[in-house]
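Novice: Structure below; questions to follow.
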Amino acid sequence: MSADAMLEPLGNVAYVHDGTTEGLLSAIFQAYALHEQPEDFSSKAGLQPRLGQSVRYIETDAALASRVKAVIVRKAGRDAWDAVLHASLSDDPSAGVAVYRFVRHVMARPAAANAGLIRNMAHPIAGPVARLNRSVMNERHLMLQFLRFEHFENGIWFAKCNPKANVVPLLMGWFAGRFNTERFVIYDEVHQVAGIYDGANWYIAQTDEVHLPQHSDEEAAMQAAWKGFYDAMTISARYHPELRRQFIPKRLWRNIAELHDEVADGNAKSALPAVAIPSGRRL
Amino acid sequence: MDVQEKLEILADAAKYDVACTSSGLQRGSKAGYVGNALGAGCCHSFTPDGRCISLLKVLMTNVCVYDCAYCVNRCSNEVPRAAFTPEELADLTMAFYRRNYIEGLFLSSGVIGSPDHTTELMIRTLQLLRDHHRFRGYIHAKAVPGTSPELIDRLGHLADRMSVNLELPSQTSLSLLCPQKTKQRIIAPMRQIRDNMAQDRESRGISRRSATYLPSTRPKERGRAFAPAGQSTQMIIGATPETDFQILNLSQALYKTLQLKRVFFSAYLPVSSDERLPQNVGVQLNREHRLYQADWLLRYYKFDVSEIISASAPNLEMDVDPKAAWAVNHLDLFPVEVNTAPLEVLLRVPGIGPRGARLILRARRTTCLREGELRKLGIAFKRARYFITCNGKYQGNGVEFCPDALRAQLASPIEGGRHGARSGKVLPGQLSLFGSEVGRAAIGAGDKATMPAGGAIGARQLQGPAAAEVAAVADGVFGWQHALQGRQKVPA
C-alpha cells in the first residue's frame with residue numbers, strides 16, 4: 001500500500017473489486033488510503049469503464065473490510081451497517097457508489113448527527129442505500145415465500161432459485177433455524193452461489209457445478225399432491241391471473257413446483273414420473 | 001382411496017373458507033424442533049384467482065350432519081366424501097412444510113357424528129404434529145359450534161389461531177339458511193376463546209413477574225399459550241340482503257366486544273341450487289373489496305364505523321374507496337400541512353398509509369418535505385396531492401377544490417383483470433342482488449316490525465343517544481350485536 005500511496009491520485013477512476021461485500025468495503029478503504037474519489041465501483045463482471053476513465057483493480061482484504069465495517073457501526077449504528085450489507089448484495093450497478101457516498105457522508109459528521117439517518121428515505125445520500133436495502137429485503141422475502149425444496153435419496157433437501165440480488169446469505173439463517181433437523185442446500189443459479197447447511201452450521205460456496213443424485217421415492221408423489229392441492233384451491237368464478245402475476249413475479253415461476261408447467265417454454269424441468277402415495281405411509 | 005385423492009376432495013371442500021393467513025405470531029426456531037412463525041405471516045403461493053395459499057387448508061372430513069343452504073358440504077349435496085386419519089394429515093403437513101410449500105396447517109371440518117367427536121379428531125391431529133413431529137409452525141383451527149368447553153380449551157392450547165364462523169351477517173339469515181345453527185351456539189365458543197386468551201395472558205404475566213428481589217428461576221414446565229395469534233371469524237357477503245352498513249357495524253362490534261384479530265368477508269358464489277338463495281346474480285367481488293378497505297380503516301387508520309358509513313347511505317360507494325369518500329365529504333379539514341400535521345391527521349389523507357405516515361414523521365425531522373421528497377418516500381402522491389400543502393404551498397395541480405372535481409380525480413374503479421367474473425363483462429345492473437326478485441322474495445323486507453326489540457338492547461354498547469340510534473338501525477332485526485352483548489344461556 002505504501003508504494004500505491006506514493007502515486008499521484010487519479011482523477012477519473014473506476015474501482016473494480018471481486019463483487020463481494022468484502023471487496024466493496026476494501027475498495028472504499030483504498031479510496032481513502034489513496035486520496036481518490038472514484039466515480040464508479042463495480043465488480044469485475046459488471047465493469048463498463050466510461051470514456052477516458054482509468055480503472056483500478058482492488059485486492060480484497062478481509063482486515064480492511066472489517067475496519068470499514070467497524071467505522072460504519074461506530075459512526076452510523078448497527079441499522080446502517082445492516083442496510084449497507086444488504087445494499088452491497090444488490091445487483092444494481094449503482095449500489096457500490098451509493099454505499100461509498102453514504103460512508104463518506106457518515107464519516108464526515110459526528111455519530112450523533114447520523115442517528116436514524118438510514119431510516120430517512122427522503123435523504124439524498126442515505127435514501128438510495130435505504131431503497132437498495134428495501135429492494136434486497138423484498139427479494140429475500142420472495143425467496144422465503146417461493147423457495148421449493150426437493151428431497152433427494154441421500155436425505156439432502158435441495159432448492160434452486162433465481163433471485164435478482166445475491167440473497168442466499170440472507171436466507172441461510174432463516175432456513176437453518178426453521179429446518180434445523182435437516183440438511184439442505186440452497187442454490188442460486190443466477191449468482192452461482194450455494195448455501196449449505198450440514199445440520200449444525202451453514203456455509204456459502206461459489207460454484208457453477210451442481211450434480212444431483214436421484215430424487216427420493218416420495219418426491220414425485222408429494223409434488224403431484226401439492227399440484228393437486230393447488231388446483232383444488234382455485235375458485236374458477238374468481239379467476240384473476242393478473243393479480244396472481246402481481247404477487248408471484250413470472251421470472252420466478254420456473255423454479256416453483258406448482259407453476260413451472262405454466263411457463264411457456266416448459267423446458268425448465270423434466271417432469272417427475274407420477275407415483276401414488278400409498279395410504280398410511282410415512283413420508 | 002389414496003391420500004392424494006383425499007387431499008383433493010378435502011381441499012376442494014375447504015376452499016371457500018377465506019381466512020388463510022399465518023400472521024399474528026412471531027415464534028423463533030428451536031433446536032430439535034421443526035418450524036417457526038413470522039409475525040407478518042408468509043404467503044407461499046397464490047391461486048390463479050390471486051388468493052394467497054399460506055396454510056395447508058383442508059377439512060378433517062367433508063362429511064357433515066348439517067344442511068346449511070350456502071355450503072358445498074351440506075349433507076343433502078351429492079359430492080364425494082372423504083376423511084383424513086390424524087396420522088395421514090400430520091404426515092402430509094410435515095412433508096409439505098419441509099418442502100416450504102406451506103407455513104402450517106389450517107384445519108377445519110364438517111361435523112362427523114357429533115361436534116365433540118369431530119373436535120377430538122382435530123385435537124389428535126394437532127397433538128401428533130406438536131408432540132410427535134415437534135412442529136413449531138403455524139396452526140389455525142376452527143372451533144366447531146356445539147363443542148364442549150373442555151375440548152375447545154385443549155384445541156386452543158395446541159393451535160395458534162382459533163376461529164368460529166359467524167356464517168352470515170344476520171341472525172334472520174342464519175335461521176333461514178342454516179336452521180340447525182343458532183346464534184348462541186356460535187357466539188358461546190367465541191366468547192370462551194376470548195376469555196381463555198385473557199386468562200392465559202394474565203397467568204403468564206404473573207409467572208413472569210418477579211415478586212422478590214431474589215433471582216427467580218423460570219418455570220421448568222412451560223405449557224403452550226392459548227391461541228397466541230388471536231381469534232378471527234368470517235361471514236358470507238351477498239347471499240342475504242344485509243347492507244354494508246349492517247355488516248360494518250357488526251364488524252366493529254366484533255372487534256370491540258370479542259377482541260377479534262380479523263373479520264373476513266367471503267363474496268357469495270352460487271354453489272347450490274337452493275331456492276332460498278339468489279341464483280342469477282353476478283359475483284359480489286367488488287363489494288367484498290370495498291368492505292375489506294373499510295375494514296382496514298377500522299383496524300389500522302383509527303376510523304370509527306360511523307365515519308365510514310351511515311344509515312342514510314347504507315352501501316359503500318363503488319367508484320371511490322371509503323377513505324377517499326370520507327375525505328371528499330370532509331373538505332373543511334383539508335388541506336393539511338405534511339411538515340407539521342400529527343400522525344392521526346396524516347393517516348386520514350388518501351394516498352398516505354400507516355407506513356407512509358411514519359416515514360413522513362421520520363423524514364421531516366431533518367428534511368423539508370416537498371413533492372420530490374414525498375415521491376421518494378413512496379407515498380401515493382398523485383392521490384395525496386389534493387389534500388396536502390408542502391411548506392404552505394397547495395399541491396393540487398390546478399384541480400378545483402370541491403367534492404365533485406376531487407371525486408373525479410380519485411375515482412378508482414376496482415381493477416378486476418382482463419379475465420373472469422370481474423373483467424367487466426357483467427353489466428352493473430346484473431350485479432345488483434337487492435334488485436333481484438329472488439333475494440327479496442326469499443328473505444323478505446317485511447321483517448322490520450321486530451326491529452325495536454333487537455335494536456334497543458343492541459344499543460347498550462355505544463355511548464350517547466345518537467350512537468344508540470345508529471346501533472339500533474344497524475343491528476335491525478338481525479340481532480348479532482344484541483347477542484354479542486347479552487349474556488344468554490346457551491341451550492344445551
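How things are named: the first chain in the C-alpha cells is A, the next is B, and so on; residues count from 1 in each chain; ligands count from 1 in the order shown.
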Using only C-alpha atoms, find each residue of chain B with at least one atom at most 8 Å away from an atom of chain A; report its shortest atom-to-atom pair and that distance in Å (one decimal), sort the rows by chain and rising residue number, and return the result as JSON lines.

Specialist:
```
{"residue": "B:Met1", "atom": "CA", "partner": "A:Ser279", "partner_atom": "CA", "distance": 7.7}
{"residue": "B:Asp2", "atom": "CA", "partner": "A:Ser279", "partner_atom": "CA", "distance": 5.2}
{"residue": "B:Val3", "atom": "CA", "partner": "A:Ser279", "partner_atom": "CA", "distance": 5.7}
{"residue": "B:Gln4", "atom": "CA", "partner": "A:Ala225", "partner_atom": "CA", "distance": 5.3}
{"residue": "B:Leu7", "atom": "CA", "partner": "A:Phe229", "partner_atom": "CA", "distance": 6.5}
{"residue": "B:Glu8", "atom": "CA", "partner": "A:Phe229", "partner_atom": "CA", "distance": 5.6}
{"residue": "B:Ile9", "atom": "CA", "partner": "A:Ala232", "partner_atom": "CA", "distance": 7.7}
{"residue": "B:Ala11", "atom": "CA", "partner": "A:Ala232", "partner_atom": "CA", "distance": 6.0}
{"residue": "B:Asp12", "atom": "CA", "partner": "A:Ala232", "partner_atom": "CA", "distance": 4.9}
{"residue": "B:Ala14", "atom": "CA", "partner": "A:Met233", "partner_atom": "CA", "distance": 7.9}
{"residue": "B:Lys15", "atom": "CA", "partner": "A:Met233", "partner_atom": "CA", "distance": 5.2}
{"residue": "B:Gly28", "atom": "CA", "partner": "A:Gly177", "partner_atom": "CA", "distance": 7.9}
{"residue": "B:Ser29", "atom": "CA", "partner": "A:Gly177", "partner_atom": "CA", "distance": 5.2}
{"residue": "B:Lys30", "atom": "CA", "partner": "A:Gly177", "partner_atom": "CA", "distance": 6.9}
{"residue": "B:Ala31", "atom": "CA", "partner": "A:Asn180", "partner_atom": "CA", "distance": 6.3}
{"residue": "B:Gly32", "atom": "CA", "partner": "A:Thr181", "partner_atom": "CA", "distance": 5.8}
{"residue": "B:Tyr33", "atom": "CA", "partner": "A:Thr181", "partner_atom": "CA", "distance": 7.0}
{"residue": "B:Val34", "atom": "CA", "partner": "A:Phe179", "partner_atom": "CA", "distance": 5.6}
{"residue": "B:Gly35", "atom": "CA", "partner": "A:Arg178", "partner_atom": "CA", "distance": 4.3}
{"residue": "B:Asn36", "atom": "CA", "partner": "A:Arg178", "partner_atom": "CA", "distance": 5.6}
{"residue": "B:Cys42", "atom": "CA", "partner": "A:Gln145", "partner_atom": "CA", "distance": 6.3}
{"residue": "B:Cys43", "atom": "CA", "partner": "A:Gln145", "partner_atom": "CA", "distance": 5.9}
{"residue": "B:His44", "atom": "CA", "partner": "A:Gln145", "partner_atom": "CA", "distance": 4.6}
{"residue": "B:Ser45", "atom": "CA", "partner": "A:Phe146", "partner_atom": "CA", "distance": 7.0}
{"residue": "B:Phe46", "atom": "CA", "partner": "A:Arg244", "partner_atom": "CA", "distance": 5.9}
{"residue": "B:Thr47", "atom": "CA", "partner": "A:Thr234", "partner_atom": "CA", "distance": 5.7}
{"residue": "B:Pro48", "atom": "CA", "partner": "A:Pro241", "partner_atom": "CA", "distance": 5.1}
{"residue": "B:Asp49", "atom": "CA", "partner": "A:Tyr239", "partner_atom": "CA", "distance": 4.2}
{"residue": "B:Gly50", "atom": "CA", "partner": "A:Arg244", "partner_atom": "CA", "distance": 4.3}
{"residue": "B:Arg51", "atom": "CA", "partner": "A:Arg244", "partner_atom": "CA", "distance": 7.6}
{"residue": "B:Glu87", "atom": "CA", "partner": "A:Gly280", "partner_atom": "CA", "distance": 7.3}
{"residue": "B:Glu88", "atom": "CA", "partner": "A:Gly280", "partner_atom": "CA", "distance": 5.8}
{"residue": "B:Asp91", "atom": "CA", "partner": "A:Leu283", "partner_atom": "CA", "distance": 6.0}
{"residue": "B:Leu92", "atom": "CA", "partner": "A:Leu283", "partner_atom": "CA", "distance": 7.2}
{"residue": "B:Ala95", "atom": "CA", "partner": "A:Leu283", "partner_atom": "CA", "distance": 6.2}
{"residue": "B:Phe96", "atom": "CA", "partner": "A:Met222", "partner_atom": "CA", "distance": 7.6}
{"residue": "B:Arg98", "atom": "CA", "partner": "A:Phe179", "partner_atom": "CA", "distance": 7.2}
{"residue": "B:Arg99", "atom": "CA", "partner": "A:Phe149", "partner_atom": "CA", "distance": 4.4}
{"residue": "B:Asn100", "atom": "CA", "partner": "A:Arg148", "partner_atom": "CA", "distance": 5.6}
{"residue": "B:Tyr101", "atom": "CA", "partner": "A:Arg148", "partner_atom": "CA", "distance": 6.6}
{"residue": "B:Leu269", "atom": "CA", "partner": "A:Ala237", "partner_atom": "CA", "distance": 7.5}
{"residue": "B:Val283", "atom": "CA", "partner": "A:Ala237", "partner_atom": "CA", "distance": 7.7}
{"residue": "B:Leu285", "atom": "CA", "partner": "A:Arg238", "partner_atom": "CA", "distance": 8.0}
{"residue": "B:Leu359", "atom": "CA", "partner": "A:Asn120", "partner_atom": "CA", "distance": 7.2}
{"residue": "B:Arg362", "atom": "CA", "partner": "A:Asn120", "partner_atom": "CA", "distance": 6.3}
{"residue": "B:Ala363", "atom": "CA", "partner": "A:Asn120", "partner_atom": "CA", "distance": 4.9}
{"residue": "B:Thr367", "atom": "CA", "partner": "A:His123", "partner_atom": "CA", "distance": 7.3}
{"residue": "B:Glu373", "atom": "CA", "partner": "A:Ala122", "partner_atom": "CA", "distance": 5.1}
{"residue": "B:Leu374", "atom": "CA", "partner": "A:Ala122", "partner_atom": "CA", "distance": 7.3}
{"residue": "B:Lys376", "atom": "CA", "partner": "A:Ala122", "partner_atom": "CA", "distance": 5.7}
{"residue": "B:Leu377", "atom": "CA", "partner": "A:Met121", "partner_atom": "CA", "distance": 5.5}
{"residue": "B:Gly416", "atom": "CA", "partner": "A:His240", "partner_atom": "CA", "distance": 7.1}
{"residue": "B:Gly417", "atom": "CA", "partner": "A:His240", "partner_atom": "CA", "distance": 5.8}
{"residue": "B:Arg418", "atom": "CA", "partner": "A:His240", "partner_atom": "CA", "distance": 7.6}
{"residue": "B:His419", "atom": "CA", "partner": "A:His240", "partner_atom": "CA", "distance": 6.1}
{"residue": "B:Gly420", "atom": "CA", "partner": "A:Tyr239", "partner_atom": "CA", "distance": 5.0}
{"residue": "B:Ala421", "atom": "CA", "partner": "A:Ala237", "partner_atom": "CA", "distance": 5.9}
{"residue": "B:Arg422", "atom": "CA", "partner": "A:Arg238", "partner_atom": "CA", "distance": 7.4}
```

Novice: Could you pull out the helix (DSSP H, G or I) residues of range 1-247 of chain A, going by DSSP on the backbone, and write them as a PyMOL selection string?

Specialist: chain A and resi 2-6+21-33+62-76+78-88+95-107+111-114+117-119+126-146+168-178+219-233+236-238+241-247

Novice: Neighbouring residues of Thr207 in chain A were defined as those with any atom within 10 Å, considering only C-alpha atoms; residues of the same chain fewer than 6 positions away were excluded. Please report them as a list in words.

Specialist: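 The filter keeps Tyr187, Asp188, Glu189, His191, Gln192, Val193 and Ala194 of chain A.
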
Novice: For the residues in the current selection, export N, CA and C atoms as a short mmCIF file (atom, residue, chain, number, x, y, z; two decimals), in the first residue's frame.

Specialist:
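Done, and the output landed in result_4.cif:
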```cif
data_model
loop_
_atom_site.label_atom_id
_atom_site.label_comp_id
_atom_site.auth_asym_id
_atom_site.auth_seq_id
_atom_site.Cartn_x
_atom_site.Cartn_y
_atom_site.Cartn_z
N TYR A 187 -29.40 -23.29 -3.84
CA TYR A 187 -28.50 -22.90 -4.92
C TYR A 187 -29.11 -21.76 -5.72
N ASP A 188 -28.34 -20.69 -5.86
CA ASP A 188 -28.75 -19.53 -6.64
C ASP A 188 -28.11 -19.64 -8.02
N GLU A 189 -28.93 -19.97 -9.03
CA GLU A 189 -28.36 -20.23 -10.34
C GLU A 189 -27.95 -18.95 -11.07
N HIS A 191 -26.41 -16.11 -9.49
CA HIS A 191 -25.13 -15.68 -8.95
C HIS A 191 -24.20 -16.85 -8.71
N GLN A 192 -24.69 -18.05 -8.98
CA GLN A 192 -23.91 -19.28 -8.80
C GLN A 192 -23.34 -19.38 -7.40
N VAL A 193 -24.24 -19.19 -6.46
CA VAL A 193 -23.87 -19.26 -5.06
C VAL A 193 -24.68 -20.37 -4.42
N ALA A 194 -24.01 -21.21 -3.64
CA ALA A 194 -24.72 -22.26 -2.92
C ALA A 194 -24.60 -22.02 -1.43
#
```

Novice: Excluding range 308-325 of chain B and residues on its chain fewer than 6 positions from it, collect all residues at most 7 Å away from it, counting only C-alpha atoms, and give them as a PyMOL selection string.

Specialist: chain B and resi 243-245+290+293-294+350+410-413

Novice: Would you output that residue set with N, CA and C atoms, as a PDB file, in the first residue's frame?

Specialist:
```
ATOM      1  N   THR B 243     -77.106  -4.889   4.407  1.00  0.00           N
ATOM      2  CA  THR B 243     -76.370  -3.799   3.770  1.00  0.00           C
ATOM      3  C   THR B 243     -74.961  -3.727   4.344  1.00  0.00           C
ATOM      4  N   ASP B 244     -74.096  -2.976   3.660  1.00  0.00           N
ATOM      5  CA  ASP B 244     -72.737  -2.757   4.155  1.00  0.00           C
ATOM      6  C   ASP B 244     -72.756  -2.093   5.521  1.00  0.00           C
ATOM      7  N   PHE B 245     -73.764  -1.240   5.716  1.00  0.00           N
ATOM      8  CA  PHE B 245     -73.909  -0.547   6.999  1.00  0.00           C
ATOM      9  C   PHE B 245     -74.049  -1.551   8.142  1.00  0.00           C
ATOM     10  N   ARG B 290     -64.493  -3.504  -1.377  1.00  0.00           N
ATOM     11  CA  ARG B 290     -64.753  -2.266  -0.637  1.00  0.00           C
ATOM     12  C   ARG B 290     -64.922  -2.537   0.854  1.00  0.00           C
ATOM     13  N   GLN B 293     -61.607  -2.795   2.367  1.00  0.00           N
ATOM     14  CA  GLN B 293     -60.978  -1.468   2.512  1.00  0.00           C
ATOM     15  C   GLN B 293     -61.516  -0.763   3.751  1.00  0.00           C
ATOM     16  N   ALA B 294     -62.825  -0.862   3.957  1.00  0.00           N
ATOM     17  CA  ALA B 294     -63.428  -0.226   5.132  1.00  0.00           C
ATOM     18  C   ALA B 294     -62.938  -0.901   6.410  1.00  0.00           C
ATOM     19  N   PRO B 350     -55.971  10.567   1.866  1.00  0.00           N
ATOM     20  CA  PRO B 350     -55.936   9.492   0.871  1.00  0.00           C
ATOM     21  C   PRO B 350     -54.554   9.424   0.221  1.00  0.00           C
ATOM     22  N   LEU B 410     -60.130  11.113  -7.949  1.00  0.00           N
ATOM     23  CA  LEU B 410     -59.807   9.984  -7.071  1.00  0.00           C
ATOM     24  C   LEU B 410     -60.550   8.708  -7.458  1.00  0.00           C
ATOM     25  N   ALA B 411     -61.437   8.805  -8.442  1.00  0.00           N
ATOM     26  CA  ALA B 411     -62.214   7.620  -8.812  1.00  0.00           C
ATOM     27  C   ALA B 411     -61.274   6.465  -9.132  1.00  0.00           C
ATOM     28  N   SER B 412     -61.488   5.362  -8.492  1.00  0.00           N
ATOM     29  CA  SER B 412     -60.617   4.199  -8.723  1.00  0.00           C
ATOM     30  C   SER B 412     -61.493   2.973  -8.880  1.00  0.00           C
ATOM     31  N   PRO B 413     -61.949   2.743 -10.107  1.00  0.00           N
ATOM     32  CA  PRO B 413     -62.726   1.534 -10.324  1.00  0.00           C
ATOM     33  C   PRO B 413     -61.875   0.325  -9.955  1.00  0.00           C
TER      34      PRO B 413
END
```

Novice: So that I can check the surroundings of range 118-124 of chain B, please list as an mmCIF file with C-alpha atoms, in the first residue's frame every protein, DNA and RNA residue that reaches within 8 Å of it, counting only C-alpha atoms and ignoring chain neighbours fewer than 6 positions away.

Specialist:
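Produced file result.cif, reproduced below:
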```
data_model
loop_
_atom_site.group_PDB
_atom_site.id
_atom_site.type_symbol
_atom_site.label_atom_id
_atom_site.label_comp_id
_atom_site.auth_asym_id
_atom_site.auth_seq_id
_atom_site.Cartn_x
_atom_site.Cartn_y
_atom_site.Cartn_z
ATOM 1 C CA MET B 60 -60.599 -33.198 8.540
ATOM 2 C CA PRO B 86 -54.966 -37.851 12.012
ATOM 3 C CA LEU B 107 -57.738 -27.337 9.992
ATOM 4 C CA SER B 109 -64.008 -29.895 9.500
ATOM 5 C CA GLY B 110 -67.521 -30.911 8.667
ATOM 6 C CA VAL B 111 -69.370 -32.262 11.658
ATOM 7 C CA ILE B 112 -68.951 -36.041 11.667
ATOM 8 C CA ALA B 143 -63.805 -24.428 16.618
ATOM 9 C CA VAL B 144 -66.933 -26.360 15.737
ATOM 10 C CA THR B 147 -68.214 -28.454 21.115
ATOM 11 C CA LEU B 151 -62.280 -29.675 24.209
ATOM 12 C CA ILE B 152 -62.130 -26.071 22.940
ATOM 13 C CA ARG B 154 -57.417 -28.286 24.653
ATOM 14 C CA LEU B 155 -57.670 -27.355 20.986
ATOM 15 C CA LEU B 158 -52.430 -26.692 20.507
#
```

Novice: Determine, counting only C-alpha atoms, which protein, DNA and RNA residues have an atom within 12 Å of an atom of Arg56 in chain A; residues of the same chain fewer than 2 positions away are not included. Present the result as a list of chain:residue names.

Specialist: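 The residues satisfying every condition are A:Asp4, A:Pro9, A:Leu10, A:Gly11, A:Asn12, A:Val13, A:Ala14, A:Tyr15, A:Val16, A:His17, A:Ala27, A:Gln30, A:Ala31, A:Leu34, A:Glu36, A:Gln37, A:Pro38, A:Glu39, A:Asp40, A:Phe41, A:Ser42, A:Ser43, A:Lys44, A:Leu47, A:Pro49, A:Gln53, A:Ser54, A:Ile58, A:Glu59.
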
Novice: Can you pull out the residues contacting Ala83 in chain A? Cut-off 8 Å, using only C-alpha atoms, and skip same-chain residues under 5 positions away; I want them as a list in words.

Specialist: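 My list of contacting residues is Ile118, Val129, Ala130 and Asn133 of chain A.
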
Novice: Would you save the residues of that selection, restricted to N, CA and C atoms, as a PDB file, in the first residue's frame?

Specialist:
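And here is the file that came out, selection-v5.pdb:
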```pdb
ATOM      1  N   ILE A 118     -30.398   6.383   8.395  1.00  0.00           N
ATOM      2  CA  ILE A 118     -30.682   5.372   7.384  1.00  0.00           C
ATOM      3  C   ILE A 118     -32.184   5.156   7.211  1.00  0.00           C
ATOM      4  N   VAL A 129     -29.308   4.218  -0.386  1.00  0.00           N
ATOM      5  CA  VAL A 129     -28.919   2.998   0.326  1.00  0.00           C
ATOM      6  C   VAL A 129     -30.150   2.358   0.967  1.00  0.00           C
ATOM      7  N   ALA A 130     -31.021   3.213   1.537  1.00  0.00           N
ATOM      8  CA  ALA A 130     -32.224   2.674   2.176  1.00  0.00           C
ATOM      9  C   ALA A 130     -33.116   1.988   1.152  1.00  0.00           C
ATOM     10  N   ASN A 133     -31.565  -1.304   0.216  1.00  0.00           N
ATOM     11  CA  ASN A 133     -31.805  -2.207   1.340  1.00  0.00           C
ATOM     12  C   ASN A 133     -33.203  -2.788   1.238  1.00  0.00           C
TER      13      ASN A 133
END
```

Novice: From the set A:Ala98, A:Ile196, A:Ala205, A:Val68, which residue has the shortest atom-to-atom contact distance to Ile125 in chain A, counting only C-alpha atoms?

Specialist: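 When distances to Ile125 in chain A are compared using only C-alpha atoms, the smallest one comes from A:Ala98.
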
Novice: Of the candidates A:Gly46, A:Pro163, A:Pro213, A:Pro169, which one gets nearest to Ser94 in chain A if we count only C-alpha atoms?

Specialist: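 Result for the nearest residue to Ser94 in chain A: A:Gly46.
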